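As structure tokens, the structure follows; a few thoughts come after it.
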Amino acid sequence: MIDAEPQTTLQIPGTTLLVVDDDSSFRRALRRLLELDRIFVVEAEDAEQAIRVIEQDDPQLLDAVLADLAMPGVSGSELIAVLGEYRPALPVVAMSAWDPVPPGLLSVPLLHKPFELEELLETLGPLVLTPDAIRRRARQMRADAAESRSLAARQLSISREHRAKTGELMKAFMQLHERMKRH
């Protein structure tokens, strides 16, 4: 079973992980645990949905994929092969309750279900803490900061316009009030 205590030796906060598993309760439980460690989780119930998610990942915000091998339809092994062609730089970790896993099936790290959260983090850490991944995350953080500054500047501009209009309204109100007092 997945360890419910998020005490880990390797910290990878800010990582975005695509979890591909047909067991929705497993995905939800894993998501809750990973989010305690500030790891963002995108869920896919099968390989086809995972491929759609990855196709929409133009800014390449996904840091890694955790894929179950045994899923209906397109298997995890087939998904891993597609990812190797389509996004070779995207780290993938396989998971399976099969014991043993058929030989020659994988070219990626494998976690045997049930696994501890710490085991998952220790497996993912070296894959997502590469210089390229760190630079990509830093670029994204700079882009997010620039967007925040731009939004703040726009809000300041709107606030100034609003105050100017409010000032004009208050001036008109005071003038009207003075005229009414005279009459």
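Quick note on naming: the chains in the structure tokens go A, B, ... in the order shown, residues restart at 1 in each chain, and ligands are numbered from 1 in order of appearance.
Taking only range 74-161 of chain A, the residues that DSSP calls strand (DSSP E) from the backbone come to A:Val92, A:Val93, A:Ala94, A:Met95, A:Ser96, A:Leu110, A:Leu111, A:His112.
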Output for the residues just chosen: N, CA and C atoms as an mmCIF file, in the first residue's frame:
```cif
data_model
loop_
_atom_site.group_PDB
_atom_site.id
_atom_site.type_symbol
_atom_site.label_atom_id
_atom_site.label_comp_id
_atom_site.auth_asym_id
_atom_site.auth_seq_id
_atom_site.Cartn_x
_atom_site.Cartn_y
_atom_site.Cartn_z
ATOM 1 N N VAL A 92 9.794 8.690 -17.842
ATOM 2 C CA VAL A 92 8.666 7.794 -17.603
ATOM 3 C C VAL A 92 9.077 6.756 -16.564
ATOM 4 N N VAL A 93 8.165 6.494 -15.634
ATOM 5 C CA VAL A 93 8.334 5.419 -14.659
ATOM 6 C C VAL A 93 7.128 4.505 -14.836
ATOM 7 N N ALA A 94 7.378 3.206 -14.920
ATOM 8 C CA ALA A 94 6.303 2.225 -15.048
ATOM 9 C C ALA A 94 5.970 1.681 -13.660
ATOM 10 N N MET A 95 4.736 1.210 -13.525
ATOM 11 C CA MET A 95 4.333 0.538 -12.282
ATOM 12 C C MET A 95 3.481 -0.669 -12.656
ATOM 13 N N SER A 96 3.586 -1.697 -11.830
ATOM 14 C CA SER A 96 2.846 -2.912 -12.134
ATOM 15 C C SER A 96 2.706 -3.781 -10.896
ATOM 16 N N LEU A 110 10.957 0.728 -12.985
ATOM 17 C CA LEU A 110 9.713 0.017 -12.667
ATOM 18 C C LEU A 110 9.496 -0.011 -11.171
ATOM 19 N N LEU A 111 8.289 0.345 -10.759
ATOM 20 C CA LEU A 111 7.876 0.216 -9.360
ATOM 21 C C LEU A 111 6.860 -0.916 -9.279
ATOM 22 N N HIS A 112 7.048 -1.795 -8.306
ATOM 23 C CA HIS A 112 6.095 -2.893 -8.095
ATOM 24 C C HIS A 112 5.026 -2.440 -7.121
#
```
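With only C-alpha atoms taken into account, the protein and nucleic acid residues at most 8 Å from range 19-35 of chain A (excluding it and anything under 5 positions from it in its own chain) are Ile2, Ala4, Glu5, Pro6, Phe40, Val41, Val42, Glu43, Ala44, Glu45, Asp46, Ala47, Ala50, Val65, Leu66, Ala67, Asp68, Met71, Pro72 and Leu117 of chain A.
When only C-alpha atoms are used to compute distances to Ser77 in chain A, the closest of the residues A:Thr15, A:Ser159, A:Ser107, A:Thr123 turns out to be A:Ser107.
The space separating CA of Leu124 in chain A from CA of Gln11 in chain A comes to 10.0 Å.
Comparing the minimum interatomic distances between Leu69 in chain A and each of A:His183, A:Arg52, A:Arg38, A:Pro109, counting only C-alpha atoms, we find that A:Pro109 sits nearest.
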Got a sec to tell me which of range 1-61 of chain A DSSP assigns to alpha helix (DSSP H), as a PyMOL selection string?
chain A and resi 24-36+47-55
I need the residues from that last selection saved to file as a compact mmCIF listing (two decimals), in the first residue's frame (with N, CA and C atoms), if you can.
```txt
# COMPACT_ATOMS: atom_id res chain seq x y z
N SER A 24 -9.25 4.29 -10.61
CA SER A 24 -9.48 5.67 -10.19
C SER A 24 -9.20 5.88 -8.70
N SER A 25 -9.49 4.89 -7.87
CA SER A 25 -9.22 5.06 -6.43
C SER A 25 -7.72 5.13 -6.17
N PHE A 26 -6.94 4.36 -6.91
CA PHE A 26 -5.48 4.42 -6.77
C PHE A 26 -4.97 5.79 -7.19
N ARG A 27 -5.48 6.30 -8.33
CA ARG A 27 -5.05 7.62 -8.83
C ARG A 27 -5.37 8.71 -7.80
N ARG A 28 -6.59 8.67 -7.26
CA ARG A 28 -7.00 9.70 -6.28
C ARG A 28 -6.13 9.65 -5.03
N ALA A 29 -5.90 8.43 -4.51
CA ALA A 29 -5.08 8.28 -3.30
C ALA A 29 -3.66 8.78 -3.54
N LEU A 30 -3.10 8.41 -4.68
CA LEU A 30 -1.75 8.84 -5.01
C LEU A 30 -1.69 10.35 -5.18
N ARG A 31 -2.71 10.90 -5.83
CA ARG A 31 -2.77 12.37 -6.02
C ARG A 31 -2.75 13.09 -4.67
N ARG A 32 -3.59 12.63 -3.75
CA ARG A 32 -3.65 13.28 -2.43
C ARG A 32 -2.30 13.26 -1.74
N LEU A 33 -1.64 12.13 -1.78
CA LEU A 33 -0.33 12.02 -1.13
C LEU A 33 0.72 12.90 -1.80
N LEU A 34 0.74 12.90 -3.12
CA LEU A 34 1.73 13.70 -3.83
C LEU A 34 1.48 15.19 -3.64
N GLU A 35 0.22 15.59 -3.58
CA GLU A 35 -0.08 17.00 -3.39
C GLU A 35 0.35 17.49 -2.01
N LEU A 36 0.43 16.59 -1.03
CA LEU A 36 0.97 16.96 0.28
C LEU A 36 2.44 17.37 0.16
N ALA A 47 -4.22 4.93 -21.49
CA ALA A 47 -3.13 5.40 -22.33
C ALA A 47 -3.61 6.40 -23.38
N GLU A 48 -4.80 6.18 -23.91
CA GLU A 48 -5.33 7.10 -24.94
C GLU A 48 -5.55 8.49 -24.36
N GLN A 49 -6.11 8.57 -23.15
CA GLN A 49 -6.30 9.87 -22.52
C GLN A 49 -4.94 10.49 -22.20
N ALA A 50 -3.98 9.70 -21.79
CA ALA A 50 -2.64 10.21 -21.50
C ALA A 50 -2.01 10.83 -22.75
N ILE A 51 -2.19 10.17 -23.88
CA ILE A 51 -1.65 10.70 -25.14
C ILE A 51 -2.29 12.04 -25.47
N ARG A 52 -3.61 12.15 -25.25
CA ARG A 52 -4.29 13.44 -25.49
C ARG A 52 -3.74 14.53 -24.57
N VAL A 53 -3.51 14.20 -23.30
CA VAL A 53 -2.95 15.17 -22.35
C VAL A 53 -1.57 15.62 -22.82
N ILE A 54 -0.76 14.68 -23.24
CA ILE A 54 0.62 15.00 -23.66
C ILE A 54 0.62 15.80 -24.95
N GLU A 55 -0.31 15.51 -25.85
CA GLU A 55 -0.41 16.29 -27.09
C GLU A 55 -0.75 17.75 -26.80
```
